[in-house]
>>> print(open('start26.pdb').read())   # PDB, C-alpha atoms (C1' of nucleotides)
ATOM      1  CA  MET G   1     121.970 206.830 -23.626
ATOM      2  CA  HIS G   2     122.124 205.901 -19.978
ATOM      3  CA  THR G   3     125.811 205.420 -20.556
ATOM      4  CA  LEU G   4     126.314 208.922 -21.899
ATOM      5  CA  ARG G   5     124.698 210.360 -18.828
ATOM      6  CA  TYR G   6     126.822 208.101 -16.699
ATOM      7  CA  TYR G   7     129.993 209.297 -18.384
ATOM      8  CA  GLU G   8     128.880 212.827 -17.825
ATOM      9  CA  ARG G   9     128.201 212.198 -14.145
ATOM     10  CA  ALA G  10     131.516 210.430 -13.857
ATOM     11  CA  GLY G  11     133.267 213.564 -15.022
ATOM     12  CA  LEU G  12     134.472 212.206 -18.314
ATOM     13  CA  VAL G  13     133.006 214.978 -20.388
ATOM     14  CA  VAL G  14     135.234 217.967 -20.839
ATOM     15  CA  THR G  15     132.762 220.766 -21.418
ATOM     16  CA  PRO G  16     129.322 220.958 -19.863
ATOM     17  CA  VAL G  17     126.966 219.586 -22.471
ATOM     18  CA  ASP G  18     124.776 222.245 -24.010
ATOM     19  CA  ARG G  19     121.094 222.192 -23.064
ATOM     20  CA  ASN G  20     118.068 223.572 -24.829
ATOM     21  CA  ALA G  21     115.571 225.846 -23.118
ATOM     22  CA  SER G  22     113.866 222.962 -21.362
ATOM     23  CA  GLY G  23     117.007 221.353 -20.062
ATOM     24  CA  ARG G  24     117.569 218.640 -22.632
ATOM     25  CA  ARG G  25     121.046 217.825 -23.823
ATOM     26  CA  ARG G  26     122.085 219.019 -27.222
ATOM     27  CA  TYR G  27     125.258 217.298 -28.265
ATOM     28  CA  HIS G  28     127.404 219.264 -30.647
ATOM     29  CA  GLN G  29     130.078 217.851 -32.868
ATOM     30  CA  LEU G  30     132.780 218.572 -30.328
ATOM     31  CA  ASP G  31     130.894 216.650 -27.666
ATOM     32  CA  LEU G  32     130.503 213.711 -29.972
ATOM     33  CA  ASP G  33     134.157 213.813 -30.945
ATOM     34  CA  TRP G  34     135.210 213.840 -27.340
ATOM     35  CA  ILE G  35     132.851 211.039 -26.431
ATOM     36  CA  THR G  36     134.306 209.032 -29.266
ATOM     37  CA  VAL G  37     137.752 209.573 -27.844
ATOM     38  CA  CYS G  38     136.500 208.411 -24.447
ATOM     39  CA  ALA G  39     134.957 205.347 -26.008
ATOM     40  CA  LYS G  40     138.196 204.465 -27.733
ATOM     41  CA  LEU G  41     140.182 204.925 -24.575
ATOM     42  CA  ARG G  42     137.696 202.693 -22.780
ATOM     43  CA  ALA G  43     137.981 200.138 -25.557
ATOM     44  CA  THR G  44     141.700 199.968 -24.911
ATOM     45  CA  GLY G  45     141.023 199.381 -21.253
ATOM     46  CA  MET G  46     141.668 202.796 -19.812
ATOM     47  CA  PRO G  47     139.771 202.963 -16.519
ATOM     48  CA  ILE G  48     137.095 205.585 -15.966
ATOM     49  CA  LYS G  49     139.252 207.245 -13.321
ATOM     50  CA  THR G  50     142.085 207.797 -15.739
ATOM     51  CA  ILE G  51     139.831 209.132 -18.437
ATOM     52  CA  ARG G  52     138.430 211.527 -15.881
ATOM     53  CA  ARG G  53     141.902 212.703 -15.033
ATOM     54  CA  TYR G  54     142.646 213.141 -18.696
ATOM     55  CA  ALA G  55     139.411 215.029 -19.215
ATOM     56  CA  GLN G  56     140.360 217.329 -16.370
ATOM     57  CA  LEU G  57     143.701 218.017 -17.949
ATOM     58  CA  VAL G  58     142.131 218.724 -21.291
ATOM     59  CA  SER G  59     139.481 220.971 -19.840
ATOM     60  CA  THR G  60     142.080 222.915 -17.905
ATOM     61  CA  GLY G  61     143.497 224.025 -21.218
ATOM     62  CA  HIS G  62     147.043 224.326 -22.419
ATOM     63  CA  GLY G  63     149.940 224.149 -20.076
ATOM     64  CA  ASN G  64     149.701 220.572 -18.887
ATOM     65  CA  GLU G  65     150.834 218.786 -22.037
ATOM     66  CA  GLN G  66     153.610 217.262 -20.019
ATOM     67  CA  GLU G  67     151.149 215.384 -17.846
ATOM     68  CA  ARG G  68     148.819 214.501 -20.687
ATOM     69  CA  LEU G  69     151.773 213.042 -22.511
ATOM     70  CA  ALA G  70     152.839 211.076 -19.470
ATOM     71  CA  LEU G  71     149.319 209.767 -19.007
ATOM     72  CA  MET G  72     149.033 208.695 -22.626
ATOM     73  CA  GLU G  73     152.472 207.134 -22.682
ATOM     74  CA  ALA G  74     151.700 205.182 -19.539
ATOM     75  CA  HIS G  75     148.469 203.999 -21.046
ATOM     76  CA  ARG G  76     150.138 203.170 -24.303
ATOM     77  CA  SER G  77     152.612 200.951 -22.590
ATOM     78  CA  ASN G  78     149.811 199.186 -20.736
ATOM     79  CA  VAL G  79     148.017 198.615 -23.981
ATOM     80  CA  VAL G  80     151.095 197.354 -25.739
ATOM     81  CA  ALA G  81     151.811 194.992 -22.874
ATOM     82  CA  LYS G  82     148.239 193.746 -22.933
ATOM     83  CA  LEU G  83     148.430 193.233 -26.676
ATOM     84  CA  ALA G  84     151.603 191.220 -26.284
ATOM     85  CA  GLU G  85     150.052 189.126 -23.553
ATOM     86  CA  ILE G  86     146.952 188.389 -25.552
ATOM     87  CA  HIS G  87     149.032 187.643 -28.597
ATOM     88  CA  GLU G  88     151.096 185.228 -26.567
ATOM     89  CA  ASN G  89     148.092 183.468 -25.152
ATOM     90  CA  LEU G  90     146.462 183.298 -28.533
ATOM     91  CA  LYS G  91     149.090 180.684 -29.292
ATOM     92  CA  LEU G  92     147.548 178.388 -26.730
ATOM     93  CA  ILE G  93     144.140 178.869 -28.259
ATOM     94  CA  ASP G  94     145.483 178.133 -31.709
ATOM     95  CA  HIS G  95     147.249 175.106 -30.371
ATOM     96  CA  LYS G  96     144.061 173.780 -28.792
ATOM     97  CA  ILE G  97     142.199 174.358 -32.005
ATOM     98  CA  ASP G  98     144.852 172.440 -33.896
ATOM     99  CA  VAL G  99     144.666 169.588 -31.444
ATOM    100  CA  TYR G 100     140.898 169.313 -31.674
ATOM    101  CA  ARG G 101     140.928 169.610 -35.446
ATOM    102  CA  GLY G 102     143.499 166.856 -35.501
ATOM    103  CA  ARG G 103     141.505 164.634 -33.220
ATOM    104  CA  LEU G 104     138.376 165.143 -35.212
ATOM    105  CA  THR G 105     140.065 164.283 -38.487
ATOM    106  CA  ALA G 106     141.713 161.276 -36.909
ATOM    107  CA  GLY G 107     138.433 160.493 -35.209
ATOM    108  CA  ASP G 108     136.608 160.384 -38.507
ATOM    109  CA  ALA G 109     137.785 156.797 -38.531
ATOM    110  CA  ASP G 110     136.238 155.826 -35.236
ATOM    111  CA  GLN G 111     134.010 157.826 -32.855
ATOM    112  CA  LEU G 112     132.483 160.052 -35.423
ATOM    113  CA  TRP G 113     131.718 157.530 -38.075
ATOM    114  CA  ALA G 114     131.078 154.728 -35.689
ATOM    115  CA  PRO G 115     129.682 156.488 -32.638
ATOM    116  CA  ASN G 116     128.424 153.175 -31.334
ATOM    117  CA  ARG G 117     132.020 152.474 -30.381
ATOM    118  CA  GLN G 118     131.593 155.036 -27.625
ATOM    119  CA  ALA G 119     128.021 154.822 -26.505
ATOM    120  CA  GLY G 120     126.795 157.932 -24.760
ATOM    121  CA  ALA G 121     129.426 160.050 -26.433
ATOM    122  CA  ARG G 122     127.566 163.278 -27.101
TER     123      ARG G 122
ATOM    124  CA  MET O   1     145.531 181.501  -3.214
ATOM    125  CA  HIS O   2     142.071 182.835  -2.593
ATOM    126  CA  THR O   3     141.721 182.913  -6.323
ATOM    127  CA  LEU O   4     142.615 179.260  -6.724
ATOM    128  CA  ARG O   5     139.925 178.286  -4.267
ATOM    129  CA  TYR O   6     137.535 180.556  -6.059
ATOM    130  CA  TYR O   7     138.301 178.935  -9.384
ATOM    131  CA  GLU O   8     137.761 175.576  -7.811
ATOM    132  CA  ARG O   9     134.424 176.605  -6.360
ATOM    133  CA  ALA O  10     133.452 178.145  -9.658
ATOM    134  CA  GLY O  11     133.880 174.795 -11.322
ATOM    135  CA  LEU O  12     136.884 175.725 -13.399
ATOM    136  CA  VAL O  13     139.013 172.889 -12.194
ATOM    137  CA  VAL O  14     138.673 169.670 -14.123
ATOM    138  CA  THR O  15     139.634 167.064 -11.575
ATOM    139  CA  PRO O  16     138.997 167.320  -7.864
ATOM    140  CA  VAL O  17     142.204 168.636  -6.328
ATOM    141  CA  ASP O  18     144.039 166.044  -4.299
ATOM    142  CA  ARG O  19     144.045 166.444  -0.520
ATOM    143  CA  ASN O  20     146.399 165.161   2.108
ATOM    144  CA  ALA O  21     145.184 163.245   5.142
ATOM    145  CA  SER O  22     144.064 166.373   6.944
ATOM    146  CA  GLY O  23     142.199 167.885   4.057
ATOM    147  CA  ARG O  24     144.722 170.323   2.638
ATOM    148  CA  ARG O  25     145.104 170.731  -1.070
ATOM    149  CA  ARG O  26     148.048 169.156  -2.779
ATOM    150  CA  TYR O  27     148.390 170.458  -6.266
ATOM    151  CA  HIS O  28     150.015 168.111  -8.719
ATOM    152  CA  GLN O  29     151.594 169.062 -11.986
ATOM    153  CA  LEU O  30     148.423 168.360 -13.911
ATOM    154  CA  ASP O  31     146.448 170.683 -11.668
ATOM    155  CA  LEU O  32     149.019 173.402 -12.154
ATOM    156  CA  ASP O  33     149.027 172.900 -15.904
ATOM    157  CA  TRP O  34     145.294 173.146 -16.066
ATOM    158  CA  ILE O  35     145.206 176.205 -13.866
ATOM    159  CA  THR O  36     147.743 177.794 -16.165
ATOM    160  CA  VAL O  37     145.484 177.107 -19.102
ATOM    161  CA  CYS O  38     142.605 178.703 -17.210
ATOM    162  CA  ALA O  39     144.732 181.722 -16.415
ATOM    163  CA  LYS O  40     145.673 182.136 -20.039
ATOM    164  CA  LEU O  41     142.098 181.842 -21.162
ATOM    165  CA  ARG O  42     141.154 184.441 -18.577
ATOM    166  CA  ALA O  43     143.967 186.665 -19.771
ATOM    167  CA  THR O  44     142.459 186.600 -23.233
ATOM    168  CA  GLY O  45     139.132 187.627 -21.779
ATOM    169  CA  MET O  46     137.293 184.348 -21.681
ATOM    170  CA  PRO O  47     134.570 184.668 -19.056
ATOM    171  CA  ILE O  48     134.481 182.329 -16.083
ATOM    172  CA  LYS O  49     131.266 180.784 -17.367
ATOM    173  CA  THR O  50     132.863 179.757 -20.613
ATOM    174  CA  ILE O  51     135.911 178.336 -18.936
ATOM    175  CA  ARG O  52     133.598 176.339 -16.726
ATOM    176  CA  ARG O  53     131.839 174.964 -19.763
ATOM    177  CA  TYR O  54     135.167 174.097 -21.295
ATOM    178  CA  ALA O  55     136.310 172.433 -18.103
ATOM    179  CA  GLN O  56     133.143 170.364 -18.099
ATOM    180  CA  LEU O  57     133.797 169.247 -21.635
ATOM    181  CA  VAL O  58     137.356 168.329 -20.829
ATOM    182  CA  SER O  59     136.430 166.455 -17.701
ATOM    183  CA  THR O  60     133.762 164.521 -19.554
ATOM    184  CA  GLY O  61     136.528 162.979 -21.584
ATOM    185  CA  HIS O  62     136.777 162.232 -25.258
ATOM    186  CA  GLY O  63     133.801 162.429 -27.518
ATOM    187  CA  ASN O  64     133.032 166.131 -27.380
ATOM    188  CA  GLU O  65     135.930 167.475 -29.403
ATOM    189  CA  GLN O  66     133.424 168.981 -31.769
ATOM    190  CA  GLU O  67     132.085 171.254 -29.068
ATOM    191  CA  ARG O  68     135.461 172.018 -27.587
ATOM    192  CA  LEU O  69     136.625 173.047 -31.020
ATOM    193  CA  ALA O  70     133.569 175.227 -31.538
ATOM    194  CA  LEU O  71     134.098 176.869 -28.182
ATOM    195  CA  MET O  72     137.735 177.583 -28.864
ATOM    196  CA  GLU O  73     137.071 178.843 -32.345
ATOM    197  CA  ALA O  74     134.381 181.165 -31.076
ATOM    198  CA  HIS O  75     136.733 182.452 -28.429
ATOM    199  CA  ARG O  76     139.522 182.813 -30.905
ATOM    200  CA  SER O  77     137.432 184.981 -33.109
ATOM    201  CA  ASN O  78     136.474 187.156 -30.157
ATOM    202  CA  VAL O  79     140.095 187.525 -29.240
ATOM    203  CA  VAL O  80     141.137 188.349 -32.768
ATOM    204  CA  ALA O  81     138.388 190.929 -33.014
ATOM    205  CA  LYS O  82     139.412 192.440 -29.717
ATOM    206  CA  LEU O  83     143.030 192.552 -30.830
ATOM    207  CA  ALA O  84     142.035 194.337 -34.007
ATOM    208  CA  GLU O  85     139.948 196.820 -32.077
ATOM    209  CA  ILE O  86     142.710 197.602 -29.631
ATOM    210  CA  HIS O  87     145.181 197.849 -32.441
ATOM    211  CA  GLU O  88     142.919 200.279 -34.201
ATOM    212  CA  ASN O  89     142.426 202.429 -31.133
ATOM    213  CA  LEU O  90     146.106 202.368 -30.389
ATOM    214  CA  LYS O  91     146.403 204.681 -33.367
ATOM    215  CA  LEU O  92     144.493 207.341 -31.523
ATOM    216  CA  ILE O  93     146.781 206.984 -28.534
ATOM    217  CA  ASP O  94     149.847 207.246 -30.722
ATOM    218  CA  HIS O  95     148.370 210.236 -32.414
ATOM    219  CA  LYS O  96     147.720 211.974 -29.123
ATOM    220  CA  ILE O  97     151.249 211.214 -28.008
ATOM    221  CA  ASP O  98     152.570 212.700 -31.214
ATOM    222  CA  VAL O  99     150.476 215.799 -30.742
ATOM    223  CA  TYR O 100     151.639 216.344 -27.183
ATOM    224  CA  ARG O 101     155.258 215.659 -28.071
ATOM    225  CA  GLY O 102     154.914 218.174 -30.868
ATOM    226  CA  ARG O 103     153.370 220.763 -28.629
ATOM    227  CA  LEU O 104     156.023 220.302 -26.023
ATOM    228  CA  THR O 105     158.828 220.693 -28.521
ATOM    229  CA  ALA O 106     157.139 223.682 -30.093
ATOM    230  CA  GLY O 107     156.308 224.930 -26.645
ATOM    231  CA  ASP O 108     159.951 224.918 -25.645
ATOM    232  CA  ALA O 109     159.905 228.326 -27.294
ATOM    233  CA  ASP O 110     157.085 229.783 -25.264
ATOM    234  CA  GLN O 111     155.059 228.345 -22.380
ATOM    235  CA  LEU O 112     157.695 226.061 -21.069
ATOM    236  CA  TRP O 113     160.615 228.383 -21.152
ATOM    237  CA  ALA O 114     158.573 231.451 -20.431
ATOM    238  CA  PRO O 115     155.761 230.141 -18.269
ATOM    239  CA  ASN O 116     154.984 233.687 -17.216
ATOM    240  CA  ARG O 117     153.325 234.073 -20.607
ATOM    241  CA  GLN O 118     150.458 231.951 -19.233
ATOM    242  CA  ALA O 119     150.270 232.739 -15.579
ATOM    243  CA  GLY O 120     148.762 229.982 -13.510
ATOM    244  CA  ALA O 121     149.360 227.452 -16.222
ATOM    245  CA  ARG O 122     151.209 224.991 -14.059
TER     246      ARG O 122
ATOM    247  C1'  DC U   1     153.346 170.652  25.364
ATOM    248  C1'  DT U   2     152.859 175.255  23.634
ATOM    249  C1'  DA U   3     152.881 179.110  20.664
ATOM    250  C1'  DG U   4     152.613 180.596  16.334
ATOM    251  C1'  DT U   5     151.770 180.083  11.470
ATOM    252  C1'  DA U   6     149.284 178.206   7.654
ATOM    253  C1'  DT U   7     145.385 176.331   5.710
ATOM    254  C1'  DT U   8     140.494 175.103   5.692
ATOM    255  C1'  DT U   9     135.350 176.458   5.074
ATOM    256  C1'  DA U  10     131.233 179.268   4.173
ATOM    257  C1'  DG U  11     129.835 183.376   3.343
ATOM    258  C1'  DA U  12     130.103 188.329   3.087
ATOM    259  C1'  DG U  13     132.098 192.367   0.819
ATOM    260  C1'  DC U  14     134.191 195.105  -2.786
ATOM    261  C1'  DG U  15     135.633 197.629  -7.142
ATOM    262  C1'  DT U  16     134.357 198.536 -11.704
ATOM    263  C1'  DG U  17     131.339 199.851 -15.136
ATOM    264  C1'  DC U  18     127.521 200.164 -16.375
ATOM    265  C1'  DT U  19     122.163 199.630 -16.475
ATOM    266  C1'  DC U  20     117.737 200.264 -14.983
ATOM    267  C1'  DG U  21     113.528 202.197 -12.581
ATOM    268  C1'  DA U  22     110.533 205.635 -10.612
ATOM    269  C1'  DG U  23     108.687 209.770 -10.792
ATOM    270  C1'  DG U  24     108.687 214.214 -13.035
ATOM    271  C1'  DT U  25     108.791 217.652 -17.037
ATOM    272  C1'  DC U  26     108.173 219.129 -21.517
ATOM    273  C1'  DA U  27     106.849 219.427 -26.717
ATOM    274  C1'  DA U  28     104.120 217.782 -30.301
ATOM    275  C1'  DG U  29     100.135 215.721 -32.428
ATOM    276  C1'  DC U  30      95.278 214.757 -32.249
TER     277       DC U  30
ATOM    278  C1'  DG R   1      92.880 220.008 -23.370
ATOM    279  C1'  DC R   2      94.834 215.433 -23.446
ATOM    280  C1'  DT R   3      97.768 211.797 -24.554
ATOM    281  C1'  DT R   4     102.044 210.053 -25.960
ATOM    282  C1'  DG R   5     106.645 209.626 -25.848
ATOM    283  C1'  DA R   6     111.256 211.269 -25.355
ATOM    284  C1'  DC R   7     114.099 213.062 -22.114
ATOM    285  C1'  DC R   8     115.251 214.634 -17.282
ATOM    286  C1'  DT R   9     117.372 213.391 -12.263
ATOM    287  C1'  DC R  10     118.554 210.637  -8.585
ATOM    288  C1'  DG R  11     119.364 206.615  -6.673
ATOM    289  C1'  DA R  12     119.219 201.779  -6.604
ATOM    290  C1'  DG R  13     120.544 197.434  -8.707
ATOM    291  C1'  DC R  14     123.296 194.285 -11.314
ATOM    292  C1'  DA R  15     127.063 191.300 -13.470
ATOM    293  C1'  DC R  16     131.526 190.045 -13.045
ATOM    294  C1'  DG R  17     135.609 188.570 -10.887
ATOM    295  C1'  DC R  18     137.658 188.420  -7.441
ATOM    296  C1'  DT R  19     139.094 189.366  -2.335
ATOM    297  C1'  DC R  20     138.667 189.184   2.313
ATOM    298  C1'  DT R  21     136.915 187.687   7.093
ATOM    299  C1'  DA R  22     135.953 184.676  10.879
ATOM    300  C1'  DA R  23     136.165 180.676  13.159
ATOM    301  C1'  DA R  24     138.011 176.126  13.155
ATOM    302  C1'  DT R  25     141.683 172.965  12.478
ATOM    303  C1'  DA R  26     146.361 171.294  11.629
ATOM    304  C1'  DC R  27     151.329 171.436  10.934
ATOM    305  C1'  DT R  28     155.919 173.194  12.662
ATOM    306  C1'  DA R  29     159.514 175.035  15.655
ATOM    307  C1'  DG R  30     161.163 175.573  20.115
TER     308       DG R  30
END
>>> encode(input="start26.pdb", output="structure tokens")
Amino acid sequence: MHTLRYYERAGLVVTPVDRNASGRRRYHQLDLDWITVCAKLRATGMPIKTIRRYAQLVSTGHGNEQERLALMEAHRSNVVAKLAEIHENLKLIDHKIDVYRGRLTAGDADQLWAPNRQAGAR
Amino acid sequence: MHTLRYYERAGLVVTPVDRNASGRRRYHQLDLDWITVCAKLRATGMPIKTIRRYAQLVSTGHGNEQERLALMEAHRSNVVAKLAEIHENLKLIDHKIDVYRGRLTAGDADQLWAPNRQAGAR
DNA sequence: CTAGTATTTAGAGCGTGCTCGAGGTCAAGC
DNA sequence: GCTTGACCTCGAGCACGCTCTAAATACTAG
């Protein structure tokens, strides 16, 4: 709610949102679709600034597909890089999990089943 | 540099960093290894708070593997969820790219090679 | 010894993306 | 008519993760 208004203020919304007689917003399907696109771009880490730029391009109409494409391709490569990085670092997490699982299974023979061996442990 | 000191202040560093006689930090391999782990956790989106908690657990020594495991598993599932989300939204990006590529190729026949058709359209 | 560079601290400041609050307006239900 | 509640605007505030500054100290080259 507050966020929608914020996105609007931030210039992320392509077309001025329709209002009823008393000034309240009436979102139409197109608005919702666009907002969904914004949300997905945000979810992939596109900064507000960039979405604004994209929104500007879209609202300008046809003729700037070149730049829209460039923008999306740039973002895509960021996203792919980020995915690769996270994927890579997930290995560490998995490794740690393995280690702790291992220790706990091994530990079933001492600390965990005879916690008195290590007083104060936990 | 600044960031290392910040991490230290924030309680992310397990063991107090060694200092030389005049008080300057001397990072040893273990420090660097740990900092690398922190960086990787950060890169997967683990908040500073959580890393601090993890660092506390590690510095406490053996006996809390249960909690370390829980922490890592929780983080892992966040990361996996995030990966899935990004992966999902990447489809939209790819779709947009396809659309713009299509328009540009199609457009080679009109706007782009006869931009006068749409005056003012960049 | 001196000048210049690097590092130290504590604390302030910043960029991003929301998120909330105060005060006002309007429509609907009683 | 009056209350209730949803929405309005504008501006302030907040959470996070750094990032930088200022003033002091220390090492390093000449």
>>> atom_distance(input="start26.pdb", atom1="CA of Val99 (chain O)", atom2="CA of Leu4 (chain G)")
26.6 Å
>>> closest_atom_pairs(input="start26.pdb", of="chain O", to="chain G", cutoff="10 Å", atoms="all atoms listed in the file", output="tab-separated table")
residue	atom	partner	partner_atom	distance
O:Val37	CA	G:Leu92	CA	8.0
O:Ala39	CA	G:Asn89	CA	9.5
O:Lys40	CA	G:Asn89	CA	5.8
O:Leu41	CA	G:Asn89	CA	7.4
O:Arg42	CA	G:Asn89	CA	9.6
O:Ala43	CA	G:Ile86	CA	6.7
O:Thr44	CA	G:Ile86	CA	5.4
O:Gly45	CA	G:Ile86	CA	8.7
O:Thr60	CA	G:Ala121	CA	9.3
O:Gly61	CA	G:Ala121	CA	9.1
O:His62	CA	G:Ala121	CA	7.8
O:Gly63	CA	G:Ala121	CA	5.1
O:Asn64	CA	G:Arg122	CA	6.2
O:Glu65	CA	G:Tyr100	CA	5.8
O:Gln66	CA	G:Leu104	CA	7.1
O:Glu67	CA	G:Arg122	CA	9.4
O:Arg68	CA	G:Tyr100	CA	7.3
O:Leu69	CA	G:Tyr100	CA	5.7
O:Ala70	CA	G:Ile97	CA	8.7
O:Leu71	CA	G:Ile97	CA	9.3
O:Met72	CA	G:Ile97	CA	6.3
O:Glu73	CA	G:Ile97	CA	6.8
O:His75	CA	G:Ile93	CA	8.2
O:Arg76	CA	G:Ile93	CA	6.6
O:Val79	CA	G:Leu90	CA	7.7
O:Val80	CA	G:Leu90	CA	8.5
O:Lys82	CA	G:Ala43	CA	8.9
O:Leu83	CA	G:Leu83	CA	6.8
O:Ala84	CA	G:Leu83	CA	9.8
O:Glu85	CA	G:Ala43	CA	7.6
O:Ile86	CA	G:Thr44	CA	5.4
O:His87	CA	G:Leu83	CA	8.1
O:Glu88	CA	G:Lys40	CA	9.0
O:Asn89	CA	G:Lys40	CA	5.8
O:Leu90	CA	G:Arg76	CA	7.3
O:Lys91	CA	G:Arg76	CA	9.9
O:Leu92	CA	G:Lys40	CA	7.9
O:Ile93	CA	G:Met72	CA	6.6
O:Asp94	CA	G:Arg76	CA	7.6
O:His95	CA	G:Met72	CA	9.9
O:Lys96	CA	G:Met72	CA	7.4
O:Ile97	CA	G:Leu69	CA	5.8
O:Asp98	CA	G:Leu69	CA	8.7
O:Val99	CA	G:Leu69	CA	8.8
O:Tyr100	CA	G:Leu69	CA	5.7
O:Arg101	CA	G:Leu69	CA	7.1
O:Gly102	CA	G:Glu65	CA	9.7
O:Arg103	CA	G:Glu65	CA	7.3
O:Leu104	CA	G:Glu65	CA	6.7
O:Gly107	CA	G:Gly63	CA	9.2
O:Gln111	CA	G:Gly63	CA	7.0
O:Leu112	CA	G:Gly63	CA	8.0
O:Pro115	CA	G:Gly63	CA	8.5
O:Gln118	CA	G:Gly63	CA	7.9
O:Ala119	CA	G:Gly63	CA	9.7
O:Gly120	CA	G:Gly63	CA	8.9
O:Ala121	CA	G:Gly63	CA	5.1
O:Arg122	CA	G:Gly63	CA	6.2
>>> resolve_selection(input="start26.pdb", expression="the PyMOL selection byres ((chain U) within 12 of (chain O))", output="list in words")
DA6, DT7, DT8, DT9 and DA10 of chain U
>>> interface_residues(input="start26.pdb", of="chain R", to="chain G", cutoff="12 Å", atoms="all atoms listed in the file", output="list in words")
DA6, DC7, DC8, DT9 and DC10 of chain R
>>> write_last_selection(input="start26.pdb", atoms="C-alpha atoms (C1' of nucleotides)", output="short mmCIF file (atom, residue, chain, number, x, y, z; two decimals), in the frame of the given file")
data_model
loop_
_atom_site.label_atom_id
_atom_site.label_comp_id
_atom_site.auth_asym_id
_atom_site.auth_seq_id
_atom_site.Cartn_x
_atom_site.Cartn_y
_atom_site.Cartn_z
"C1'" DA R 6 111.26 211.27 -25.36
"C1'" DC R 7 114.10 213.06 -22.11
"C1'" DC R 8 115.25 214.63 -17.28
"C1'" DT R 9 117.37 213.39 -12.26
"C1'" DC R 10 118.55 210.64 -8.59
#
>>> atom_distance(input="start26.pdb", atom1="C1' of DC18 (chain U)", atom2="CA of Thr3 (chain G)")
6.9 Å
>>> resolve_selection(input="start26.pdb", expression="the PyMOL selection byres ((chain O and resi 15) around 8)", output="list of chain:residue names")
O:Val13, O:Val14, O:Pro16, O:Val17, O:Asp31, O:Ser59
>>> build_atoms(input="start26.pdb", residues="region 92-104 of chain O", atoms="N, CA and C atoms", output="compact mmCIF listing (two decimals), keeping the file's coordinate frame")
# COMPACT_ATOMS: atom_id res chain seq x y z
N LEU O 92 144.90 206.08 -32.16
CA LEU O 92 144.49 207.34 -31.52
C LEU O 92 145.48 207.72 -30.43
N ILE O 93 145.85 206.73 -29.63
CA ILE O 93 146.78 206.98 -28.53
C ILE O 93 148.11 207.50 -29.09
N ASP O 94 148.58 206.82 -30.11
CA ASP O 94 149.85 207.25 -30.72
C ASP O 94 149.72 208.65 -31.27
N HIS O 95 148.59 208.91 -31.85
CA HIS O 95 148.37 210.24 -32.41
C HIS O 95 148.42 211.30 -31.32
N LYS O 96 147.72 211.03 -30.24
CA LYS O 96 147.72 211.97 -29.12
C LYS O 96 149.14 212.20 -28.62
N ILE O 97 149.87 211.11 -28.50
CA ILE O 97 151.25 211.21 -28.01
C ILE O 97 152.06 212.11 -28.95
N ASP O 98 151.88 211.86 -30.23
CA ASP O 98 152.57 212.70 -31.21
C ASP O 98 152.22 214.17 -31.01
N VAL O 99 150.93 214.42 -30.88
CA VAL O 99 150.48 215.80 -30.74
C VAL O 99 151.13 216.45 -29.53
N TYR O 100 151.10 215.73 -28.40
CA TYR O 100 151.64 216.34 -27.18
C TYR O 100 153.15 216.51 -27.28
N ARG O 101 153.80 215.52 -27.89
CA ARG O 101 155.26 215.66 -28.07
C ARG O 101 155.54 216.88 -28.93
N GLY O 102 154.74 217.03 -29.97
CA GLY O 102 154.91 218.17 -30.87
C GLY O 102 154.73 219.48 -30.13
N ARG O 103 153.65 219.52 -29.35
CA ARG O 103 153.37 220.76 -28.63
C ARG O 103 154.47 221.09 -27.65
N LEU O 104 154.98 220.05 -27.02
CA LEU O 104 156.02 220.30 -26.02
C LEU O 104 157.28 220.82 -26.68
